[in-house]
file structure.cif (mmCIF, C-alpha atoms)
data_final
#
loop_
_atom_site.label_atom_id
_atom_site.label_comp_id
_atom_site.auth_asym_id
_atom_site.auth_seq_id
_atom_site.Cartn_x
_atom_site.Cartn_y
_atom_site.Cartn_z
CA MET I 1 67.99 74.90 77.03
CA THR I 2 68.08 72.38 79.90
CA ASP I 3 71.21 74.20 80.97
CA PHE I 4 69.25 77.47 81.15
CA LEU I 5 66.49 75.78 83.16
CA GLY I 6 69.06 74.26 85.50
CA VAL I 7 70.58 77.67 86.18
CA VAL I 8 67.20 79.34 86.74
CA THR I 9 65.83 76.65 89.07
CA THR I 10 68.94 76.56 91.26
CA ARG I 11 69.66 80.33 91.17
CA HIS I 12 65.93 81.13 91.35
CA ALA I 13 66.19 83.76 94.09
CA TYR I 14 68.95 85.59 92.23
CA ALA I 15 66.80 85.51 89.10
CA LEU I 16 63.94 87.04 91.11
CA PHE I 17 66.35 89.75 92.32
CA VAL I 18 67.17 90.61 88.70
CA LEU I 19 63.48 90.75 87.72
CA LEU I 20 62.38 92.85 90.72
CA SER I 21 65.23 95.30 90.19
CA ALA I 22 64.28 95.55 86.52
CA ILE I 23 60.63 96.30 87.39
CA GLY I 24 61.82 98.96 89.86
CA LEU I 25 64.07 100.44 87.19
CA TYR I 26 61.14 100.42 84.74
CA MET I 27 58.99 102.34 87.24
CA MET I 28 61.72 104.94 87.72
CA ILE I 29 62.09 105.45 83.96
CA ALA I 30 58.57 105.02 82.59
CA ASN I 31 56.20 106.35 85.24
CA LYS I 32 55.75 110.10 85.07
CA ASN I 33 54.34 110.42 88.58
CA LEU I 34 57.02 111.26 91.16
CA VAL I 35 55.38 109.15 93.89
CA LYS I 36 55.47 106.12 91.61
CA LYS I 37 59.11 106.81 90.80
CA ILE I 38 59.85 106.65 94.54
CA ILE I 39 57.90 103.37 94.81
CA GLY I 40 60.10 102.09 91.97
CA LEU I 41 63.23 103.12 93.87
CA ASN I 42 61.95 101.15 96.88
CA MET I 43 61.28 98.14 94.71
CA PHE I 44 64.82 98.22 93.31
CA GLN I 45 66.13 98.32 96.89
CA THR I 46 64.03 95.38 98.03
CA GLY I 47 65.34 93.38 95.07
CA VAL I 48 68.89 93.95 96.31
CA PHE I 49 67.83 93.06 99.89
CA LEU I 50 66.44 89.77 98.59
CA PHE I 51 69.80 89.11 96.94
CA PHE I 52 71.63 89.60 100.24
CA VAL I 53 69.19 87.54 102.30
CA THR I 54 69.25 84.61 99.88
CA SER I 55 73.04 84.69 99.64
CA ALA I 56 73.05 83.99 103.39
CA TYR I 57 70.57 81.11 103.10
CA ARG I 58 71.60 77.52 103.77
CA ILE I 59 69.21 74.71 102.80
CA GLY I 60 68.11 73.01 106.01
CA GLY I 61 69.83 75.71 108.07
CA ALA I 62 68.34 77.32 111.17
CA ALA I 63 67.81 81.04 111.82
CA PRO I 64 71.00 82.42 113.42
CA ILE I 65 69.76 82.20 117.00
CA ILE I 66 72.36 80.23 118.87
CA THR I 67 70.78 77.40 120.88
CA GLU I 68 72.00 74.02 122.07
CA GLY I 69 71.63 71.36 119.44
CA ALA I 70 70.41 73.67 116.67
CA GLY I 71 72.40 74.37 113.55
CA PRO I 72 73.92 74.54 111.08
CA TYR I 73 72.88 78.16 110.86
CA VAL I 74 72.41 80.58 108.00
CA SER I 75 74.96 83.40 107.86
CA PRO I 76 74.06 86.37 110.11
CA LEU I 77 76.24 89.00 108.43
CA PRO I 78 74.25 89.67 105.20
CA GLN I 79 71.08 89.86 107.32
CA VAL I 80 72.63 92.57 109.49
CA ILE I 81 73.62 94.57 106.42
CA VAL I 82 70.07 94.31 105.07
CA LEU I 83 68.61 95.48 108.40
CA THR I 84 70.82 98.57 108.21
CA ALA I 85 69.95 99.10 104.55
CA ILE I 86 66.18 98.88 105.16
CA VAL I 87 66.41 101.69 107.71
CA VAL I 88 68.61 103.80 105.44
CA GLY I 89 66.10 103.11 102.63
CA ILE I 90 63.15 104.43 104.61
CA SER I 91 65.16 107.58 105.44
CA LEU I 92 65.81 108.07 101.74
CA THR I 93 62.13 107.54 100.93
CA ALA I 94 61.08 110.05 103.60
CA VAL I 95 63.37 112.77 102.22
CA GLY I 96 62.27 111.99 98.65
CA LEU I 97 58.60 112.24 99.58
CA ALA I 98 59.21 115.48 101.50
CA LEU I 99 60.83 116.96 98.37
CA THR I 100 57.85 115.71 96.34
CA ILE I 101 55.36 117.49 98.63
CA ARG I 102 57.45 120.66 98.42
CA LEU I 103 57.60 120.47 94.60
CA TYR I 104 53.83 120.04 94.48
CA SER I 105 53.23 123.07 96.67
CA GLU I 106 55.55 125.19 94.48
CA TYR I 107 54.50 123.99 91.02
CA GLY I 108 51.14 122.27 91.50
CA THR I 109 52.01 119.06 89.69
CA LEU I 110 53.58 115.68 90.40
CA ARG I 111 54.27 114.77 86.79
CA ALA I 112 57.95 114.82 85.87
CA ASP I 113 57.33 116.00 82.29
CA ALA I 114 55.01 118.83 83.39
CA LEU I 115 57.51 119.88 86.07
CA ARG I 116 60.29 120.05 83.49
CA GLU I 117 58.13 122.31 81.32
CA VAL I 118 57.13 124.63 84.18
CA ILE I 119 60.69 124.96 85.42
CA GLY I 120 61.99 125.44 81.87
CA ASP I 121 59.56 128.34 81.30
CA GLU I 122 60.77 130.35 84.27
CA MET E 1 78.33 66.77 101.81
CA SER E 2 75.94 67.61 99.05
CA VAL E 3 72.37 68.80 99.43
CA ALA E 4 69.57 68.81 96.90
CA VAL E 5 69.42 72.38 95.65
CA GLY E 6 66.54 73.79 93.65
CA ILE E 7 63.31 75.67 93.97
CA THR E 8 60.67 74.44 96.43
CA PRO E 9 56.87 74.83 96.01
CA ILE E 10 56.70 77.40 98.86
CA GLU E 11 59.36 79.52 97.21
CA ALA E 12 57.70 79.18 93.81
CA SER E 13 54.29 80.34 95.04
CA LEU E 14 55.79 83.28 96.97
CA PHE E 15 57.84 84.21 93.87
CA VAL E 16 54.69 84.27 91.75
CA PHE E 17 52.90 86.43 94.34
CA VAL E 18 55.81 88.89 94.65
CA LEU E 19 56.31 89.17 90.90
CA LEU E 20 52.59 89.64 90.27
CA THR E 21 52.25 92.41 92.85
CA ALA E 22 55.43 94.06 91.53
CA VAL E 23 54.08 94.14 87.97
CA LEU E 24 50.69 95.43 89.16
CA THR E 25 52.41 98.16 91.20
CA ALA E 26 54.19 99.30 88.07
CA LEU E 27 51.12 99.18 85.83
CA PHE E 28 48.26 100.55 87.95
CA ARG E 29 47.48 104.07 86.86
CA ASP E 30 45.82 105.05 90.12
CA VAL E 31 48.59 105.89 92.62
CA LEU E 32 46.47 104.78 95.59
CA ALA E 33 46.00 101.33 93.99
CA SER E 34 49.76 101.18 93.39
CA ILE E 35 50.49 101.97 97.03
CA VAL E 36 48.11 99.31 98.31
CA VAL E 37 49.52 96.65 95.97
CA PHE E 38 53.03 97.71 96.97
CA ALA E 39 52.13 97.04 100.62
CA ALA E 40 51.02 93.53 99.59
CA TYR E 41 54.32 93.16 97.75
CA SER E 42 56.21 94.06 100.95
CA LEU E 43 54.20 91.48 102.85
CA GLY E 44 55.12 88.83 100.27
CA LEU E 45 58.78 89.77 100.61
CA ALA E 46 58.56 89.62 104.41
CA LEU E 47 57.23 86.05 104.12
CA LEU E 48 60.01 85.22 101.68
CA TYR E 49 62.67 86.59 104.06
CA THR E 50 61.17 84.49 106.84
CA PHE E 51 61.33 81.43 104.62
CA TYR E 52 65.02 82.18 104.03
CA ARG E 53 65.55 82.01 107.82
CA ALA E 54 65.92 85.75 108.28
CA PRO E 55 63.15 86.46 110.85
CA ASP E 56 64.70 89.79 111.89
CA VAL E 57 64.73 91.03 108.32
CA GLY E 58 61.19 89.73 107.78
CA LEU E 59 59.89 91.61 110.81
CA THR E 60 61.69 94.79 109.80
CA GLU E 61 60.35 94.55 106.26
CA ALA E 62 56.80 94.01 107.54
CA ALA E 63 57.06 96.96 109.95
CA ILE E 64 58.97 99.38 107.72
CA GLY E 65 58.23 98.21 104.17
CA ALA E 66 54.57 97.34 104.55
CA GLY E 67 53.92 99.73 107.47
CA VAL E 68 55.91 102.96 107.61
CA THR E 69 56.57 103.26 103.87
CA THR E 70 52.86 102.82 103.12
CA VAL E 71 51.95 105.47 105.70
CA PHE E 72 54.49 107.92 104.23
CA LEU E 73 53.23 107.29 100.69
CA LEU E 74 49.60 107.71 101.75
CA LEU E 75 50.45 110.94 103.61
CA THR E 76 52.15 112.22 100.48
CA ILE E 77 49.16 111.67 98.21
CA ALA E 78 46.89 113.11 100.92
CA LYS E 79 49.02 116.28 100.97
CA THR E 80 49.35 116.47 97.18
CA THR E 81 47.13 114.97 94.55
CA ARG E 82 45.85 111.68 93.22
CA PRO E 83 45.38 112.12 89.51
CA ALA E 84 41.98 110.91 88.34
CA SER E 85 41.86 108.82 85.23
CA ASP E 86 39.48 106.55 83.37
CA ALA E 87 42.17 104.10 82.30
CA ARG E 88 42.92 101.37 84.83
CA PHE E 89 46.45 100.65 83.63
CA GLU E 90 49.35 102.75 82.42
CA SER E 91 50.24 102.34 78.77
CA ILE E 92 53.50 100.46 78.41
CA ASN E 93 56.57 102.52 77.62
CA TRP E 94 58.47 100.29 75.16
CA PRO E 95 61.81 102.18 75.15
CA ALA E 96 61.91 101.78 78.95
CA VAL E 97 61.04 98.09 78.56
CA GLY E 98 64.00 97.84 76.21
CA VAL E 99 66.36 99.43 78.72
CA CYS E 100 65.12 97.13 81.48
CA GLY E 101 65.38 94.11 79.17
CA LEU E 102 69.01 95.03 78.57
CA PHE E 103 69.51 95.32 82.34
CA VAL E 104 68.00 91.85 82.82
CA LEU E 105 70.25 90.39 80.11
CA VAL E 106 73.44 91.97 81.45
CA VAL E 107 72.83 91.18 85.13
CA GLY E 108 71.19 87.86 84.30
CA ALA E 109 74.30 86.79 82.39
CA THR E 110 76.14 86.65 85.74
CA LEU E 111 73.68 84.11 87.20
CA PRO E 112 75.62 80.95 86.20
CA ALA E 113 78.62 82.31 88.12
CA PHE E 114 76.70 82.28 91.43
CA PRO E 115 76.63 79.28 93.72
CA ALA E 116 73.19 77.63 93.91
CA VAL E 117 70.80 79.22 96.44
CA GLY E 118 71.27 77.55 99.83
CA ASP E 119 74.32 75.53 98.83
CA PRO E 120 76.34 74.96 102.04
CA ALA E 121 79.56 75.02 100.00
CA SER E 122 78.95 78.61 98.86
CA PRO E 123 81.76 81.01 99.87
CA ILE E 124 79.57 82.97 102.30
CA LEU E 125 78.57 79.90 104.31
CA ALA E 126 81.87 78.02 104.08
CA ASN E 127 83.88 81.05 105.21
CA ALA E 128 85.27 80.15 108.63
CA ASP E 129 86.78 83.60 109.25
CA VAL E 130 83.53 85.56 109.00
CA THR E 131 80.33 83.48 109.12
CA GLY E 132 82.04 80.68 111.05
CA TYR E 133 83.58 83.13 113.52
CA TYR E 134 80.29 84.90 114.29
CA ILE E 135 78.40 81.64 114.72
CA ALA E 136 81.08 80.14 116.96
CA ASN E 137 81.86 83.16 119.13
CA ALA E 138 78.88 85.54 119.08
CA TYR E 139 77.25 84.12 122.19
CA ASP E 140 80.44 83.79 124.27
CA GLU E 141 81.72 87.23 123.35
CA THR E 142 78.52 89.29 123.50
CA GLY E 143 75.98 87.24 125.46
CA ALA E 144 73.35 87.71 122.76
CA GLU E 145 71.78 84.46 121.61
CA ASN E 146 70.64 86.03 118.38
CA ALA E 147 73.78 86.27 116.23
CA VAL E 148 72.15 89.00 114.13
CA THR E 149 71.70 91.16 117.24
CA ALA E 150 75.25 90.40 118.32
CA VAL E 151 76.71 91.55 115.00
CA LEU E 152 74.36 94.54 114.71
CA ALA E 153 74.84 95.94 118.19
CA ALA E 154 78.30 94.71 119.16
CA TYR E 155 80.65 93.81 116.30
CA ARG E 156 79.25 96.42 113.93
CA GLY E 157 78.01 98.83 116.59
CA PHE E 158 79.64 101.84 114.92
CA ASP E 159 77.84 100.98 111.70
CA THR E 160 74.53 100.99 113.56
CA PHE E 161 75.49 104.31 115.16
CA GLY E 162 76.09 105.68 111.65
CA GLU E 163 72.68 104.37 110.64
CA ALA E 164 71.11 106.28 113.54
CA ILE E 165 72.87 109.43 112.30
CA VAL E 166 71.41 108.83 108.81
CA VAL E 167 67.90 108.57 110.27
CA PHE E 168 68.44 111.73 112.30
CA ALA E 169 69.78 113.59 109.25
CA ALA E 170 66.82 112.41 107.17
CA GLY E 171 64.40 113.61 109.83
CA VAL E 172 66.07 117.03 109.99
CA ALA E 173 66.17 117.26 106.18
CA SER E 174 62.48 116.36 105.84
CA LEU E 175 61.47 118.97 108.42
CA LEU E 176 63.63 121.62 106.72
CA VAL E 177 62.26 120.83 103.26
CA LEU E 178 58.65 120.78 104.38
CA GLY E 179 58.98 123.86 106.58
CA ARG E 180 55.65 125.39 107.45
CA GLU E 181 53.61 123.63 104.74
CA VAL E 182 52.69 120.48 106.54
CA PHE E 183 52.58 121.75 110.06
CA THR E 184 50.47 124.85 109.70
CA ALA E 185 48.01 123.49 107.16
#
call {"tool": "encode", "arguments": {"input": "structure.cif", "output": "structure tokens"}}
result
Amino acid sequence: MTDFLGVVTTRHAYALFVLLSAIGLYMMIANKNLVKKIIGLNMFQTGVFLFFVTSAYRIGGAAPIITEGAGPYVSPLPQVIVLTAIVVGISLTAVGLALTIRLYSEYGTLRADALREVIGDE
Amino acid sequence: MSVAVGITPIEASLFVFVLLTAVLTALFRDVLASIVVFAAYSLGLALLYTFYRAPDVGLTEAAIGAGVTTVFLLLTIAKTTRPASDARFESINWPAVGVCGLFVLVVGATLPAFPAVGDPASPILANADVTGYYIANAYDETGAENAVTAVLAAYRGFDTFGEAIVVFAAGVASLLVLGREVFTA
């Protein structure tokens, strides 16, 4: 038990990554509303971003802006990858939301179960 | 050299805030309430990124996560519908909780294999060929004081170019999918 606590309090940010991803996954599975599914997708992504950012973290480290006398620094590379991923994520969200608007104008509903029924009837 | 690893009070309070807003986002039945709480969640994450010494990521998350994403989501419910309901919260879907519990168990089982958060001896920080190289040479080779900028725009410039192509493609795809609907309404 103390072992479990030791792992969770030293790997706390990774534990938060697991929980946030799980909540995002839950939203994608359980929520019927397409907009909420897309919010869940975003939440899953941010969980993974948190994982990358914390893997770069160094206790007592400085932000990777190179100045005389500063340092040691955190690692810049995972941060760069997250910056790229955030922008790709918003592109994905935009296309997903555009498809959602289009589906609504064709079928008049945003509920995944209702959509399945309407499309199945055609 | 060993450092005291472990959770700090700032981290703990931000963790509670982020987790709380995440759970509320999932459970609110009203989509508008969900979107607003999700913006608060993004703000919490931006603060957390800043605490982890990633100011660039924090700024981007605040601008894109809390800003642009929220605007897109609000535009979507303005163009479609916001289902009215008396119930404040969604009922909990237990099979989905089971699946997510399994996910937590499987991924969580890998936690002991990770180095502690912020441990200077972790492979990412101790790696002289990647992290060490960028820190030591970024300024001399690119002239950018911010190592993140140096890697983003110089060392991985082609990657950033690819990212710009993704944004362009997403813009074209959104316009194609929406067609006349949004722009003539």
call {"tool": "closest_residue", "arguments": {"input": "structure.cif", "among": "E:Pro123, E:Gly44, E:Gly118, E:Gly98", "to": "chain I", "atoms": "all atoms listed in the file"}}
result
E:Gly118
call {"tool": "resolve_selection", "arguments": {"input": "structure.cif", "expression": "the PyMOL selection byres ((chain E and resi 11) around 10)", "output": "JSON, numbers by chain"}}
result
{"I": [12, 13], "E": [6, 7, 8, 9, 10, 12, 13, 14, 15, 16, 17, 47, 48, 51, 52]}
call {"tool": "residues_near_point", "arguments": {"input": "structure.cif", "point": "(68.3, 73.1, 105.7)", "cutoff": "10 Å", "atoms": "all atoms listed in the file", "output": "MDAnalysis selection string"}}
result
(chainID I and resid 57:62 71:74) or (chainID E and resid 3:4 52:53 118:120)
call {"tool": "write_last_selection", "arguments": {"input": "structure.cif", "atoms": "C-alpha atoms", "output": "PDB file, keeping the file's coordinate frame"}}
result
ATOM      1  CA  TYR I  57      70.570  81.110 103.100  1.00  0.00           C
ATOM      2  CA  ARG I  58      71.600  77.520 103.770  1.00  0.00           C
ATOM      3  CA  ILE I  59      69.210  74.710 102.800  1.00  0.00           C
ATOM      4  CA  GLY I  60      68.110  73.010 106.010  1.00  0.00           C
ATOM      5  CA  GLY I  61      69.830  75.710 108.070  1.00  0.00           C
ATOM      6  CA  ALA I  62      68.340  77.320 111.170  1.00  0.00           C
ATOM      7  CA  GLY I  71      72.400  74.370 113.550  1.00  0.00           C
ATOM      8  CA  PRO I  72      73.920  74.540 111.080  1.00  0.00           C
ATOM      9  CA  TYR I  73      72.880  78.160 110.860  1.00  0.00           C
ATOM     10  CA  VAL I  74      72.410  80.580 108.000  1.00  0.00           C
TER      11      VAL I  74
ATOM     12  CA  VAL E   3      72.370  68.800  99.430  1.00  0.00           C
ATOM     13  CA  ALA E   4      69.570  68.810  96.900  1.00  0.00           C
ATOM     14  CA  TYR E  52      65.020  82.180 104.030  1.00  0.00           C
ATOM     15  CA  ARG E  53      65.550  82.010 107.820  1.00  0.00           C
ATOM     16  CA  GLY E 118      71.270  77.550  99.830  1.00  0.00           C
ATOM     17  CA  ASP E 119      74.320  75.530  98.830  1.00  0.00           C
ATOM     18  CA  PRO E 120      76.340  74.960 102.040  1.00  0.00           C
TER      19      PRO E 120
END
call {"tool": "atom_distance", "arguments": {"input": "structure.cif", "atom1": "CA of Leu20 in chain E", "atom2": "CA of Phe38 in chain E"}}
result
10.5 Å
call {"tool": "residues_around", "arguments": {"input": "structure.cif", "residues": "Lys79 in chain E", "least_positions_apart": "2", "cutoff": "8 Å", "atoms": "all atoms listed in the file", "output": "tab-separated table (two decimals) with C-alpha atoms, in the frame of the given file"}}
result
chain	number	residue	atom	x	y	z
I	101	ILE	CA	55.36	117.49	98.63
E	75	LEU	CA	50.45	110.94	103.61
E	76	THR	CA	52.15	112.22	100.48
E	77	ILE	CA	49.16	111.67	98.21
E	81	THR	CA	47.13	114.97	94.55
E	182	VAL	CA	52.69	120.48	106.54
call {"tool": "closest_residue", "arguments": {"input": "structure.cif", "among": "I:Leu92, I:Val53, I:Asn42, I:Arg102", "to": "Ala39 in chain E", "atoms": "all atoms listed in the file"}}
result
I:Asn42
call {"tool": "resolve_selection", "arguments": {"input": "structure.cif", "expression": "the PyMOL selection byres ((chain I and resi 15-29) around 8)", "output": "compact mmCIF listing (two decimals) with C-alpha atoms, in the coordinates of the input"}}
result
# COMPACT_ATOMS: atom_id res chain seq x y z
CA VAL I 8 67.20 79.34 86.74
CA ARG I 11 69.66 80.33 91.17
CA HIS I 12 65.93 81.13 91.35
CA ALA I 13 66.19 83.76 94.09
CA TYR I 14 68.95 85.59 92.23
CA ALA I 30 58.57 105.02 82.59
CA ASN I 31 56.20 106.35 85.24
CA LYS I 32 55.75 110.10 85.07
CA LYS I 36 55.47 106.12 91.61
CA LYS I 37 59.11 106.81 90.80
CA ILE I 38 59.85 106.65 94.54
CA ILE I 39 57.90 103.37 94.81
CA GLY I 40 60.10 102.09 91.97
CA LEU I 41 63.23 103.12 93.87
CA ASN I 42 61.95 101.15 96.88
CA MET I 43 61.28 98.14 94.71
CA PHE I 44 64.82 98.22 93.31
CA GLN I 45 66.13 98.32 96.89
CA THR I 46 64.03 95.38 98.03
CA GLY I 47 65.34 93.38 95.07
CA VAL I 48 68.89 93.95 96.31
CA LEU I 50 66.44 89.77 98.59
CA PHE I 51 69.80 89.11 96.94
CA PHE E 15 57.84 84.21 93.87
CA LEU E 19 56.31 89.17 90.90
CA ALA E 22 55.43 94.06 91.53
CA VAL E 23 54.08 94.14 87.97
CA ALA E 26 54.19 99.30 88.07
CA ALA E 96 61.91 101.78 78.95
CA VAL E 97 61.04 98.09 78.56
CA CYS E 100 65.12 97.13 81.48
CA GLY E 101 65.38 94.11 79.17
CA PHE E 103 69.51 95.32 82.34
CA VAL E 104 68.00 91.85 82.82
CA VAL E 107 72.83 91.18 85.13
CA GLY E 108 71.19 87.86 84.30
CA LEU E 111 73.68 84.11 87.20
call {"tool": "closest_residue", "arguments": {"input": "structure.cif", "among": "I:Leu34, I:Ala70, I:Gly89, I:Val80", "to": "chain E", "atoms": "all atoms listed in the file"}}
result
I:Val80
call {"tool": "atom_distance", "arguments": {"input": "structure.cif", "atom1": "CA of Ile64 in chain E", "atom2": "CA of Leu103 in chain I"}}
result
24.9 Å
call {"tool": "resolve_selection", "arguments": {"input": "structure.cif", "expression": "the PyMOL selection byres ((chain E and resi 146) around 12)", "output": "PDB file with C-alpha atoms, keeping the file's coordinate frame"}}
result
ATOM      1  CA  ALA I  62      68.340  77.320 111.170  1.00  0.00           C
ATOM      2  CA  ALA I  63      67.810  81.040 111.820  1.00  0.00           C
ATOM      3  CA  PRO I  64      71.000  82.420 113.420  1.00  0.00           C
ATOM      4  CA  ILE I  65      69.760  82.200 117.000  1.00  0.00           C
ATOM      5  CA  ILE I  66      72.360  80.230 118.870  1.00  0.00           C
ATOM      6  CA  THR I  67      70.780  77.400 120.880  1.00  0.00           C
ATOM      7  CA  TYR I  73      72.880  78.160 110.860  1.00  0.00           C
ATOM      8  CA  VAL I  74      72.410  80.580 108.000  1.00  0.00           C
ATOM      9  CA  SER I  75      74.960  83.400 107.860  1.00  0.00           C
ATOM     10  CA  PRO I  76      74.060  86.370 110.110  1.00  0.00           C
ATOM     11  CA  LEU I  77      76.240  89.000 108.430  1.00  0.00           C
ATOM     12  CA  GLN I  79      71.080  89.860 107.320  1.00  0.00           C
ATOM     13  CA  VAL I  80      72.630  92.570 109.490  1.00  0.00           C
TER      14      VAL I  80
ATOM     15  CA  ALA E  54      65.920  85.750 108.280  1.00  0.00           C
ATOM     16  CA  PRO E  55      63.150  86.460 110.850  1.00  0.00           C
ATOM     17  CA  ASP E  56      64.700  89.790 111.890  1.00  0.00           C
ATOM     18  CA  TYR E 134      80.290  84.900 114.290  1.00  0.00           C
ATOM     19  CA  ILE E 135      78.400  81.640 114.720  1.00  0.00           C
ATOM     20  CA  ASN E 137      81.860  83.160 119.130  1.00  0.00           C
ATOM     21  CA  ALA E 138      78.880  85.540 119.080  1.00  0.00           C
ATOM     22  CA  TYR E 139      77.250  84.120 122.190  1.00  0.00           C
ATOM     23  CA  ASP E 140      80.440  83.790 124.270  1.00  0.00           C
ATOM     24  CA  THR E 142      78.520  89.290 123.500  1.00  0.00           C
ATOM     25  CA  GLY E 143      75.980  87.240 125.460  1.00  0.00           C
ATOM     26  CA  ALA E 144      73.350  87.710 122.760  1.00  0.00           C
ATOM     27  CA  GLU E 145      71.780  84.460 121.610  1.00  0.00           C
ATOM     28  CA  ALA E 147      73.780  86.270 116.230  1.00  0.00           C
ATOM     29  CA  VAL E 148      72.150  89.000 114.130  1.00  0.00           C
ATOM     30  CA  THR E 149      71.700  91.160 117.240  1.00  0.00           C
ATOM     31  CA  ALA E 150      75.250  90.400 118.320  1.00  0.00           C
ATOM     32  CA  VAL E 151      76.710  91.550 115.000  1.00  0.00           C
ATOM     33  CA  LEU E 152      74.360  94.540 114.710  1.00  0.00           C
ATOM     34  CA  ALA E 153      74.840  95.940 118.190  1.00  0.00           C
ATOM     35  CA  ALA E 154      78.300  94.710 119.160  1.00  0.00           C
TER      36      ALA E 154
END
call {"tool": "closest_residue", "arguments": {"input": "structure.cif", "among": "E:Ala87, E:Gly162, E:Asn93, E:Ala128", "to": "chain I", "atoms": "all atoms listed in the file"}}
result
E:Asn93
call {"tool": "atom_distance", "arguments": {"input": "structure.cif", "atom1": "CA of Thr109 in chain I", "atom2": "CA of Thr21 in chain E"}}
result
26.8 Å
call {"tool": "closest_residue", "arguments": {"input": "structure.cif", "among": "I:Glu68, I:Asp121, I:Thr100, I:Gly108", "to": "Val177 in chain E", "atoms": "only C-alpha atoms"}}
result
I:Thr100
call {"tool": "closest_residue", "arguments": {"input": "structure.cif", "among": "E:Leu74, E:Leu178, E:Leu32, E:Ala66", "to": "chain I", "atoms": "all atoms listed in the file"}}
result
E:Leu178
call {"tool": "residues_around", "arguments": {"input": "structure.cif", "residues": "Leu99 in chain I", "least_positions_apart": "6", "cutoff": "12 Å", "atoms": "all atoms listed in the file", "output": "list in words"}}
result
Leu34, Val35, Ile38, Leu92, Thr93, Ser105, Glu106, Tyr107 and Leu110 of chain I; Thr76, Thr80, Ala170, Ala173, Ser174, Leu175, Leu176, Val177, Leu178, Gly179 and Glu181 of chain E
call {"tool": "residues_near_point", "arguments": {"input": "structure.cif", "point": "(54.6, 93.7, 102.4)", "cutoff": "10 Å", "atoms": "only C-alpha atoms", "output": "PyMOL selection string"}}
result
chain E and resi 18+21+36-47+58+61-67+69-70
